[in-house]
Structures are given as C-alpha cells and as structure tokens.
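Trainee: So here's work-v2.cif, just mmCIF, C-alpha atoms:
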```cif
data_structure
loop_
_atom_site.group_PDB
_atom_site.id
_atom_site.type_symbol
_atom_site.label_atom_id
_atom_site.label_comp_id
_atom_site.auth_asym_id
_atom_site.auth_seq_id
_atom_site.Cartn_x
_atom_site.Cartn_y
_atom_site.Cartn_z
ATOM 1 C CA MET A 1389 -56.694 11.629 -86.530
ATOM 2 C CA THR A 1390 -55.205 8.525 -88.188
ATOM 3 C CA GLU A 1391 -54.017 5.350 -86.453
ATOM 4 C CA ASN A 1392 -50.399 6.234 -87.179
ATOM 5 C CA THR A 1393 -50.580 9.674 -85.556
ATOM 6 C CA PRO A 1394 -48.813 9.660 -82.157
ATOM 7 C CA ARG A 1395 -50.897 10.884 -79.243
ATOM 8 C CA VAL A 1396 -49.645 12.282 -75.941
ATOM 9 C CA PHE A 1397 -51.569 11.765 -72.697
ATOM 10 C CA LEU A 1398 -50.903 13.392 -69.330
ATOM 11 C CA PRO A 1399 -51.347 11.612 -65.989
ATOM 12 C CA VAL A 1400 -53.978 12.574 -63.452
ATOM 13 C CA PRO A 1401 -52.737 15.844 -61.885
ATOM 14 C CA ALA A 1402 -51.862 16.010 -58.218
ATOM 15 C CA THR A 1403 -50.857 19.653 -57.848
ATOM 16 C CA GLY A 1404 -52.657 20.250 -54.557
ATOM 17 C CA PRO A 1405 -50.797 17.613 -52.504
ATOM 18 C CA ALA A 1406 -47.546 18.513 -54.249
ATOM 19 C CA ARG A 1407 -47.828 22.155 -53.203
ATOM 20 C CA LEU A 1408 -48.748 21.161 -49.637
ATOM 21 C CA TRP A 1409 -45.825 18.769 -49.274
ATOM 22 C CA PHE A 1410 -43.485 21.260 -50.924
ATOM 23 C CA SER A 1411 -44.451 23.880 -48.338
ATOM 24 C CA ILE A 1412 -44.015 21.416 -45.473
ATOM 25 C CA MET A 1413 -40.614 20.204 -46.632
ATOM 26 C CA LEU A 1414 -39.409 23.718 -47.454
ATOM 27 C CA SER A 1415 -40.386 24.834 -43.958
ATOM 28 C CA ALA A 1416 -38.702 21.830 -42.336
ATOM 29 C CA LEU A 1417 -35.453 22.114 -44.303
ATOM 30 C CA GLY A 1418 -35.277 25.713 -45.490
ATOM 31 C CA LEU A 1419 -36.327 27.706 -42.433
ATOM 32 C CA PRO A 1420 -33.381 26.568 -40.245
ATOM 33 C CA LEU A 1421 -31.011 27.557 -43.055
ATOM 34 C CA LEU A 1422 -32.751 30.911 -43.453
ATOM 35 C CA TRP A 1423 -32.452 31.488 -39.705
ATOM 36 C CA LEU A 1424 -28.736 30.641 -39.837
ATOM 37 C CA MET A 1425 -28.232 33.038 -42.737
ATOM 38 C CA PHE A 1426 -30.139 35.747 -40.850
ATOM 39 C CA THR A 1427 -27.890 35.324 -37.808
ATOM 40 C CA LEU A 1428 -24.839 35.578 -40.048
ATOM 41 C CA LEU A 1429 -26.091 38.778 -41.666
ATOM 42 C CA ARG A 1430 -27.119 40.308 -38.349
ATOM 43 C CA ALA A 1431 -24.050 42.236 -37.242
ATOM 44 C CA PRO A 1432 -23.025 41.903 -33.581
ATOM 45 C CA VAL A 1433 -22.265 45.071 -31.609
ATOM 46 C CA ILE A 1434 -18.962 45.429 -29.747
ATOM 47 C CA SER A 1435 -17.652 48.654 -28.194
ATOM 48 C CA TYR A 1436 -14.848 49.753 -25.893
ATOM 49 C CA ARG A 1437 -15.660 53.011 -24.048
ATOM 50 C CA ILE A 1438 -13.228 54.978 -21.907
ATOM 51 C CA ASP A 1439 -14.799 57.572 -19.626
ATOM 52 C CA GLY A 1440 -14.602 58.622 -15.983
ATOM 53 C CA GLY A 1441 -11.514 56.559 -15.284
ATOM 54 C CA MET A 1442 -13.214 53.363 -16.431
ATOM 55 C CA LEU A 1443 -12.865 51.100 -19.434
ATOM 56 C CA THR A 1444 -16.281 49.660 -20.261
ATOM 57 C CA ILE A 1445 -16.364 46.698 -22.637
ATOM 58 C CA SER A 1446 -19.770 45.984 -24.152
ATOM 59 C CA SER A 1447 -21.007 43.313 -26.544
ATOM 60 C CA SER A 1448 -24.412 42.233 -27.792
ATOM 61 C CA LEU A 1449 -25.603 39.534 -30.136
ATOM 62 C CA GLY A 1450 -29.350 39.236 -30.514
ATOM 63 C CA SER A 1451 -30.842 39.158 -27.020
ATOM 64 C CA SER A 1452 -27.448 38.472 -25.410
ATOM 65 C CA GLN A 1453 -25.918 41.547 -23.762
ATOM 66 C CA LEU A 1454 -22.607 41.740 -21.874
ATOM 67 C CA ASP A 1455 -20.943 44.673 -20.100
ATOM 68 C CA LYS A 1456 -17.697 44.672 -18.137
ATOM 69 C CA ALA A 1457 -16.033 47.656 -16.439
ATOM 70 C CA ILE A 1458 -12.342 47.856 -15.517
ATOM 71 C CA MET A 1459 -10.858 50.729 -13.504
ATOM 72 C CA LEU A 1460 -7.997 52.286 -15.472
ATOM 73 C CA ALA A 1461 -6.072 52.820 -12.237
ATOM 74 C CA ARG A 1462 -5.867 49.050 -11.837
ATOM 75 C CA VAL A 1463 -4.428 48.432 -15.315
ATOM 76 C CA ASN A 1464 -0.877 47.136 -14.935
ATOM 77 C CA LEU A 1465 -0.246 46.351 -18.580
ATOM 78 C CA ALA A 1466 -1.765 47.263 -21.924
ATOM 79 C CA ARG A 1467 0.124 46.202 -25.032
ATOM 80 C CA PRO A 1468 -0.460 45.184 -28.653
ATOM 81 C CA GLU A 1469 -0.840 41.452 -29.161
ATOM 82 C CA TRP A 1470 -1.060 39.157 -32.175
ATOM 83 C CA LEU A 1471 -3.497 36.296 -31.640
ATOM 84 C CA HIS A 1472 -3.000 32.887 -33.224
ATOM 85 C CA ASP A 1473 -3.936 29.262 -32.606
ATOM 86 C CA GLY A 1474 -6.612 30.153 -30.079
ATOM 87 C CA SER A 1475 -9.325 27.790 -28.880
ATOM 88 C CA LEU A 1476 -12.661 28.517 -27.216
ATOM 89 C CA ARG A 1477 -13.015 27.346 -23.631
ATOM 90 C CA PHE A 1478 -16.385 28.849 -22.811
ATOM 91 C CA GLY A 1479 -18.515 31.429 -24.578
ATOM 92 C CA THR A 1480 -19.508 32.240 -28.143
ATOM 93 C CA GLU A 1481 -17.407 31.876 -31.259
ATOM 94 C CA ARG A 1482 -18.912 32.695 -34.615
ATOM 95 C CA PRO A 1483 -17.594 34.658 -37.598
ATOM 96 C CA GLY A 1484 -16.988 38.230 -36.409
ATOM 97 C CA TYR A 1485 -17.927 37.563 -32.773
ATOM 98 C CA CYS A 1486 -15.569 35.906 -30.271
ATOM 99 C CA VAL A 1487 -16.729 36.526 -26.700
ATOM 100 C CA GLY A 1488 -15.793 34.403 -23.706
ATOM 101 C CA PHE A 1489 -12.806 32.509 -22.395
ATOM 102 C CA PHE A 1490 -10.194 31.542 -24.986
ATOM 103 C CA SER A 1491 -6.813 29.865 -24.664
ATOM 104 C CA TYR A 1492 -3.662 30.760 -26.615
ATOM 105 C CA PRO A 1493 -0.258 29.027 -26.634
ATOM 106 C CA THR A 1494 1.651 32.171 -25.641
ATOM 107 C CA LEU A 1495 -0.949 33.829 -23.395
ATOM 108 C CA GLY A 1496 -2.740 31.000 -21.664
ATOM 109 C CA GLU A 1497 -6.400 31.551 -20.879
ATOM 110 C CA VAL A 1498 -7.839 35.023 -21.453
ATOM 111 C CA TRP A 1499 -11.225 36.700 -21.336
ATOM 112 C CA GLN A 1500 -11.906 38.055 -24.805
ATOM 113 C CA VAL A 1501 -14.402 40.410 -26.453
ATOM 114 C CA SER A 1502 -13.354 40.754 -30.081
ATOM 115 C CA ASP A 1503 -14.269 40.383 -33.721
ATOM 116 C CA CYS A 1504 -12.000 37.290 -33.934
ATOM 117 C CA SER A 1505 -9.283 39.201 -35.782
ATOM 118 C CA GLU A 1506 -5.587 38.691 -35.035
ATOM 119 C CA ASN A 1507 -4.509 42.270 -34.186
ATOM 120 C CA ALA A 1508 -5.495 42.742 -30.568
ATOM 121 C CA VAL A 1509 -4.669 44.525 -27.326
ATOM 122 C CA LEU A 1510 -3.837 42.591 -24.156
ATOM 123 C CA ILE A 1511 -4.856 44.190 -20.838
ATOM 124 C CA VAL A 1512 -3.700 42.956 -17.449
ATOM 125 C CA ALA A 1513 -5.410 44.558 -14.442
ATOM 126 C CA ARG A 1514 -5.459 43.979 -10.705
ATOM 127 C CA GLY A 1515 -8.597 42.226 -9.568
ATOM 128 C CA GLU A 1516 -9.098 40.457 -12.894
ATOM 129 C CA THR A 1517 -8.572 36.700 -12.742
ATOM 130 C CA HIS A 1518 -7.672 36.538 -16.442
ATOM 131 C CA PRO A 1519 -5.984 38.897 -18.888
ATOM 132 C CA VAL A 1520 -8.467 40.747 -21.101
ATOM 133 C CA VAL A 1521 -8.195 40.774 -24.896
ATOM 134 C CA VAL A 1522 -9.936 43.327 -27.136
ATOM 135 C CA THR A 1523 -9.582 44.263 -30.813
ATOM 136 C CA PRO A 1524 -10.073 48.019 -31.320
ATOM 137 C CA SER A 1525 -9.730 49.216 -34.909
ATOM 138 C CA ASP A 1526 -7.091 51.829 -33.937
ATOM 139 C CA ARG A 1527 -4.807 50.102 -31.442
ATOM 140 C CA ASP A 1528 -2.430 53.017 -30.975
ATOM 141 C CA ALA A 1529 -5.209 55.492 -30.207
ATOM 142 C CA PHE A 1530 -6.833 52.978 -27.863
ATOM 143 C CA LEU A 1531 -3.595 52.406 -25.962
ATOM 144 C CA LYS A 1532 -3.081 56.174 -25.564
ATOM 145 C CA ALA A 1533 -6.650 56.596 -24.319
ATOM 146 C CA VAL A 1534 -6.135 53.816 -21.764
ATOM 147 C CA GLU A 1535 -2.922 55.488 -20.594
ATOM 148 C CA ASN A 1536 -4.336 59.020 -20.460
ATOM 149 C CA GLY A 1537 -7.916 58.227 -19.547
ATOM 150 C CA SER A 1538 -9.211 60.544 -22.275
ATOM 151 C CA PRO A 1539 -12.919 59.949 -23.028
ATOM 152 C CA SER A 1540 -13.310 58.026 -26.274
ATOM 153 C CA THR A 1541 -15.125 55.098 -27.813
ATOM 154 C CA PHE A 1542 -13.623 52.377 -29.999
ATOM 155 C CA ALA A 1543 -14.990 49.451 -31.960
ATOM 156 C CA PRO A 1544 -13.486 46.483 -33.802
ATOM 157 C CA PRO A 1545 -12.568 46.950 -37.479
ATOM 158 C CA GLY A 1546 -15.877 45.375 -38.494
ATOM 159 C CA LYS A 1547 -14.409 43.641 -41.503
ATOM 160 C CA ARG A 1548 -15.927 40.341 -42.557
ATOM 161 C CA THR A 1549 -13.412 37.579 -42.005
ATOM 162 C CA GLN A 1550 -12.660 34.864 -44.514
ATOM 163 C CA SER A 1551 -14.461 32.300 -42.377
ATOM 164 C CA TRP A 1552 -17.571 34.537 -42.275
ATOM 165 C CA TRP A 1553 -17.710 34.711 -46.072
ATOM 166 C CA PHE A 1554 -17.099 30.975 -46.375
ATOM 167 C CA THR A 1555 -19.911 30.207 -43.928
ATOM 168 C CA LEU A 1556 -22.323 32.590 -45.654
ATOM 169 C CA ILE A 1557 -21.540 31.187 -49.118
ATOM 170 C CA LEU A 1558 -21.920 27.640 -47.794
ATOM 171 C CA VAL A 1559 -25.318 28.402 -46.235
ATOM 172 C CA LEU A 1560 -26.519 30.093 -49.444
ATOM 173 C CA ALA A 1561 -25.319 27.144 -51.533
ATOM 174 C CA VAL A 1562 -27.050 24.584 -49.307
ATOM 175 C CA LEU A 1563 -30.256 26.647 -49.240
ATOM 176 C CA THR A 1564 -30.211 26.913 -53.037
ATOM 177 C CA LEU A 1565 -29.667 23.165 -53.393
ATOM 178 C CA VAL A 1566 -32.517 22.443 -50.965
ATOM 179 C CA VAL A 1567 -34.941 24.652 -52.903
ATOM 180 C CA LEU A 1568 -33.856 23.230 -56.277
ATOM 181 C CA ALA A 1569 -34.138 19.660 -54.990
ATOM 182 C CA LEU A 1570 -37.626 20.254 -53.591
ATOM 183 C CA VAL A 1571 -38.785 22.001 -56.774
ATOM 184 C CA THR A 1572 -37.451 19.067 -58.810
ATOM 185 C CA VAL A 1573 -39.076 16.489 -56.568
ATOM 186 C CA PHE A 1574 -42.496 18.079 -56.243
ATOM 187 C CA PHE A 1575 -42.960 19.970 -59.517
ATOM 188 C CA VAL A 1576 -40.434 19.062 -62.204
ATOM 189 C CA ALA A 1577 -40.754 15.298 -61.734
ATOM 190 C CA PRO A 1578 -44.579 15.222 -62.026
ATOM 191 C CA SER A 1579 -44.485 17.602 -65.012
ATOM 192 C CA ARG A 1580 -42.077 15.272 -66.847
ATOM 193 C CA LEU A 1581 -44.409 12.293 -66.544
ATOM 194 C CA ARG A 1582 -46.377 11.720 -69.758
ATOM 195 C CA TYR A 1583 -47.486 8.941 -72.100
ATOM 196 C CA LYS A 1584 -46.933 8.968 -75.854
ATOM 197 C CA VAL A 1585 -48.699 6.353 -77.973
ATOM 198 C CA GLY A 1586 -47.528 5.836 -81.546
ATOM 199 C CA ASP A 1587 -45.669 3.570 -83.965
ATOM 200 C CA GLY A 1588 -46.886 0.433 -82.232
ATOM 201 C CA ALA A 1589 -45.460 1.345 -78.855
ATOM 202 C CA LEU A 1590 -46.075 3.291 -75.674
ATOM 203 C CA GLU A 1591 -43.310 5.699 -74.662
ATOM 204 C CA VAL A 1592 -43.360 6.875 -71.055
ATOM 205 C CA SER A 1593 -41.292 9.921 -70.084
ATOM 206 C CA THR A 1594 -40.126 10.113 -66.467
ATOM 207 C CA LEU A 1595 -37.830 12.516 -64.630
ATOM 208 C CA PHE A 1596 -34.564 11.051 -65.879
ATOM 209 C CA SER A 1597 -35.453 8.650 -68.682
ATOM 210 C CA ARG A 1598 -37.870 7.424 -71.321
ATOM 211 C CA ARG A 1599 -39.262 3.917 -71.409
ATOM 212 C CA ARG A 1600 -40.567 2.297 -74.589
ATOM 213 C CA ILE A 1601 -43.109 -0.522 -74.295
ATOM 214 C CA PRO A 1602 -44.042 -2.389 -77.537
ATOM 215 C CA LEU A 1603 -47.800 -2.875 -77.682
ATOM 216 C CA ALA A 1604 -47.948 -6.044 -79.769
ATOM 217 C CA GLY A 1605 -49.315 -8.828 -77.558
ATOM 218 C CA VAL A 1606 -50.116 -6.430 -74.699
ATOM 219 C CA ARG A 1607 -53.507 -6.465 -72.990
ATOM 220 C CA ALA A 1608 -54.786 -3.180 -71.583
ATOM 221 C CA PHE A 1609 -57.757 -2.492 -69.318
ATOM 222 C CA ARG A 1610 -59.089 -0.135 -66.658
ATOM 223 C CA HIS A 1611 -57.942 -1.246 -63.252
ATOM 224 C CA ARG A 1612 -58.012 -0.270 -59.572
ATOM 225 C CA PRO A 1613 -55.115 -2.230 -58.057
ATOM 226 C CA LEU A 1614 -54.838 -3.765 -54.635
ATOM 227 C CA LEU A 1615 -52.014 -1.745 -53.116
ATOM 228 C CA GLY A 1616 -48.944 -3.402 -51.648
ATOM 229 C CA ALA A 1617 -45.411 -2.632 -50.597
ATOM 230 C CA ARG A 1618 -42.927 -0.610 -52.606
ATOM 231 C CA LEU A 1619 -39.998 -2.604 -53.947
ATOM 232 C CA SER A 1620 -38.021 0.293 -55.457
ATOM 233 C CA GLY A 1621 -38.500 3.772 -56.923
ATOM 234 C CA LEU A 1622 -39.986 7.059 -55.785
ATOM 235 C CA ALA A 1623 -43.336 7.590 -54.081
ATOM 236 C CA LEU A 1624 -43.993 11.338 -54.161
ATOM 237 C CA PRO A 1625 -47.096 13.495 -54.506
ATOM 238 C CA GLY A 1626 -47.867 13.355 -58.229
ATOM 239 C CA TYR A 1627 -45.009 10.983 -59.045
ATOM 240 C CA ASN A 1628 -45.105 7.240 -58.298
ATOM 241 C CA VAL A 1629 -42.480 5.657 -60.516
ATOM 242 C CA GLY A 1630 -40.824 2.373 -59.654
ATOM 243 C CA SER A 1631 -41.664 -1.188 -58.732
ATOM 244 C CA TRP A 1632 -44.515 -2.051 -56.354
ATOM 245 C CA MET A 1633 -46.408 -5.126 -55.275
ATOM 246 C CA LEU A 1634 -49.838 -4.474 -56.777
ATOM 247 C CA ASP A 1635 -52.472 -7.234 -56.671
ATOM 248 C CA THR A 1636 -49.776 -9.355 -54.932
ATOM 249 C CA MET A 1637 -47.656 -9.206 -58.118
ATOM 250 C CA ALA A 1638 -44.580 -7.161 -58.969
ATOM 251 C CA THR A 1639 -45.781 -4.239 -61.088
ATOM 252 C CA THR A 1640 -43.987 -1.300 -62.626
ATOM 253 C CA SER A 1641 -45.808 1.894 -61.706
ATOM 254 C CA LEU A 1642 -45.500 4.808 -64.130
ATOM 255 C CA ALA A 1643 -48.217 6.966 -62.642
ATOM 256 C CA SER A 1644 -48.938 10.062 -60.589
ATOM 257 C CA ALA A 1645 -50.953 7.937 -58.117
ATOM 258 C CA ARG A 1646 -51.648 4.245 -57.714
ATOM 259 C CA ASN A 1647 -55.340 4.263 -56.863
ATOM 260 C CA ASP A 1648 -57.082 4.007 -60.272
ATOM 261 C CA GLY A 1649 -55.846 3.827 -63.841
ATOM 262 C CA VAL A 1650 -54.888 1.477 -66.680
ATOM 263 C CA LEU A 1651 -53.012 -1.816 -66.382
ATOM 264 C CA LEU A 1652 -50.902 -3.276 -69.181
ATOM 265 C CA GLU A 1653 -50.051 -6.945 -69.187
ATOM 266 C CA GLY A 1654 -47.538 -8.400 -71.606
ATOM 267 C CA ASP A 1655 -43.815 -8.586 -71.065
ATOM 268 C CA GLY A 1656 -44.364 -7.495 -67.471
ATOM 269 C CA ARG A 1657 -47.105 -5.538 -65.681
ATOM 270 C CA PHE A 1658 -47.324 -1.764 -66.002
ATOM 271 C CA PHE A 1659 -49.702 0.536 -64.173
ATOM 272 C CA LEU A 1660 -50.459 4.033 -65.548
ATOM 273 C CA ASN A 1661 -53.100 6.625 -64.746
ATOM 274 C CA PRO A 1662 -53.852 8.925 -67.705
ATOM 275 C CA ARG A 1663 -56.402 11.642 -67.057
ATOM 276 C CA ASP A 1664 -58.271 10.433 -70.177
ATOM 277 C CA PRO A 1665 -58.287 6.664 -69.649
ATOM 278 C CA GLU A 1666 -60.862 5.895 -72.367
ATOM 279 C CA GLY A 1667 -58.996 7.913 -74.988
ATOM 280 C CA PHE A 1668 -55.746 6.330 -73.831
ATOM 281 C CA LEU A 1669 -57.149 2.806 -74.182
ATOM 282 C CA ALA A 1670 -58.483 3.643 -77.630
ATOM 283 C CA ALA A 1671 -55.042 4.905 -78.681
ATOM 284 C CA LEU A 1672 -53.420 1.745 -77.327
ATOM 285 C CA GLY A 1673 -55.876 -0.354 -79.336
ATOM 286 C CA ASP A 1674 -55.120 1.639 -82.486
ATOM 287 C CA HIS A 1675 -51.426 0.831 -82.110
ATOM 288 C CA GLY A 1676 -51.546 -2.887 -81.471
ATOM 289 C CA ALA A 1677 -52.686 -3.521 -77.911
ATOM 290 C CA THR A 1678 -55.680 -5.705 -77.037
ATOM 291 C CA VAL A 1679 -58.112 -3.590 -75.052
ATOM 292 C CA ILE A 1680 -60.366 -5.442 -72.588
ATOM 293 C CA ALA A 1681 -63.513 -3.569 -71.684
ATOM 294 C CA ASN A 1682 -64.640 -5.560 -68.635
ATOM 295 C CA LEU A 1683 -63.517 -3.587 -65.584
ATOM 296 C CA GLN A 1684 -63.590 -6.634 -63.336
ATOM 297 C CA LEU A 1685 -61.550 -8.804 -65.656
ATOM 298 C CA GLN A 1686 -58.008 -9.750 -64.742
ATOM 299 C CA ARG A 1687 -58.306 -9.524 -61.001
ATOM 300 C CA ARG A 1688 -56.641 -12.865 -61.097
ATOM 301 C CA ARG A 1689 -53.453 -14.839 -60.543
#
```
What's the structure tokens form of this structure?

Mentor:
Amino acid sequence: MTENTPRVFLPVPATGPARLWFSIMLSALGLPLLWLMFTLLRAPVISYRIDGGMLTISSSLGSSQLDKAIMLARVNLARPEWLHDGSLRFGTERPGYCVGFFSYPTLGEVWQVSDCSENAVLIVARGETHPVVVTPSDRDAFLKAVENGSPSTFAPPGKRTQSWWFTLILVLAVLTLVVLALVTVFFVAPSRLRYKVGDGALEVSTLFSRRRIPLAGVRAFRHRPLLGARLSGLALPGYNVGSWMLDTMATTSLASARNDGVLLEGDGRFFLNPRDPEGFLAALGDHGATVIANLQLQRRR
C-alpha cells in the first residue's frame, strides 16, 4: 500500500452497551405507547338486554364491569335523541367507550353507556336520578322492545369513530418515531463514525457531517485523557462526538469512547479512538502528521 492510498479506520466498537441502553430506553419509552395502542385495539363490550320486564345495561372495559337494571314498568319516556356538545362529568371517555355522567346543553346531566356516537335513545324512568342515554344500533327496534317488553339484546353500532382512528394513527406515528430515533441514536450514529486518512488530511465521518483535518503540522500520539465535563455534543454508548474538557483543555472528541485512543494537536485538540491505533498513527505519519511514540509525552499544559 502506497503513501497516497487512503485508508479507513473504524473506532473501537461498543455494541454491547449500545444494545443494553437501546433495550432500556425502548422499554421506558415504547412500552407505555404499546400499552396505549393495546387498549385502543381492545374492543369494549356494551350490551342492552331486555328480558323479564327489565332493561339491563352492561358495559365492560378490561377489568372494569358495570351492570344497571331498570324496570320497564317505571319507564316514563323513551325517545330518539341526537347528542352533541357533551362533556364528561364523571366516568370514562375514550374512543368508542363513553360510560358515566355526561352533560349536554339540551338534556342537562345524564347517565350514559354508549359508544360515543351521536344517534342515541333517551330513557326517563321513575326512581332514576338522571335520564339514561344508550346507543343501540337499531333504535327503532330497541324502542319497540322497550315498549313491548319483548326479549331481545342490542349493542352499539361498533363502528370506529373518527377520533378513535386519529388516536390510533397518532400512537402508531409516535411509536414509530421513538423506535427510529432510538435506532438512530444507538446504532446508526456509531456505525457512521469512521476515520479516513489520505491526501494529507484526516476525514472524520459522523452522524450528520464530515470533518476534514489537515495533517501538516499536526502531532499525533497515543493518549489516555483525564476526563472532564462535556461542553457540547452527544455522549452516547458508542458515540462521543462534541467538545469536552479533557486534560483540563477544550478538546474535540470524535470517538466511540473517551477512555483511551489517539490525540491530535495542531489547529485545536482532537481525540479519536481507532480500533487499530498503531496502524492509524502510521497512516497519519504517512500523510504528513508528526507521530510521537512516547506514551507519556504531552501530558502537559
């Protein structure tokens, strides 16, 4: 290999810590989103059963179960109703599941077990402190069954509302962004870091850019820096790129870790950690840098 042939060096790998931190961060950020998506996909159960002179309203969501029975003989009014501008007072409101006390401009406060759709039935019965609102899929058949007491069972239409789809798409989008961001941070960024020596310069590729460092007048040597505070940049498993105080001096780190590597001194200080430091130093010397062999040299200033 001639002096003019560019050589590419990879940093010391740090795949183990990267995978560990990726798993930890994915669990911390992704699992709550997965749980939210699971609850969205898990369909609630709502039913309205008429039998034995009773209207039984049942709802369940996960471990939550609710049953309410109303005697048909006590029903004073049962009519179709169009719901709008309602607000939750107490209970549960999520896409496709509205159970609890709600308030409407034209109805006041009602007790509601519905799929949150607008086409509903309003029931007023003696002994009930609030009107009852339900949303059977076939309102006409439900009203006839309430009037006649004929045994039958009804359920809401079961259609996904626009808000349900919006929420699901939003959760999926956020989950996808979280996974992509974590993959970029813990795997793509370290894989982009590399050192290319050729044409009298060192070119360092990072996640978003390439930095060219002319080697004329640069001194290079093996170095284990005294670690200090970070001034700017990213400190991630396998990717430490930015400005740090190393050896009490501002130093640009272009390395996977800052514990042991090669220091360049010239127009600034640069710390790198190639997995083949001796071959890297030899390549730097071939392209114009002054290589200092003494490991203890330059622990100064």

Trainee: Nearest to A:Asp1655: which of A:Gly1605, A:Gly1667, A:Gly1515, A:Pro1493 is it, counting all atoms listed in the file?

Mentor: A:Gly1605

Trainee: Could you tell me which residues the PyMOL selection byres ((chain A and resi 1579) around 12) grabs in this file, written as a ChimeraX atom specification?

Mentor: /A:1397-1403,1406,1571-1578,1580-1583,1593-1596,1625-1627,1643-1644

Trainee: Calculated over only C-alpha atoms, which of the candidates A:Trp1470, A:Trp1553, A:Tyr1485, A:Phe1490 has the smallest distance to A:Cys1504?

Mentor: A:Tyr1485

Trainee: What's around A:Gly1588 at 6 Å? Count only C-alpha atoms, leave out sequence neighbours fewer than 3 positions away in its own chain, and write the answer as an MDAnalysis selection string.

Mentor: chainID A and resid 1603 1675:1676

Trainee: Taking the file as shown, find all residues satisfying the PyMOL selection byres ((chain A and resi 1609) around 12) and write them as JSON, numbers by chain.

Mentor: {"A": [1606, 1607, 1608, 1610, 1611, 1612, 1613, 1648, 1649, 1650, 1651, 1652, 1653, 1657, 1658, 1659, 1660, 1661, 1665, 1666, 1667, 1668, 1669, 1670, 1672, 1673, 1677, 1678, 1679, 1680, 1681, 1682, 1683, 1684, 1685, 1686, 1687]}
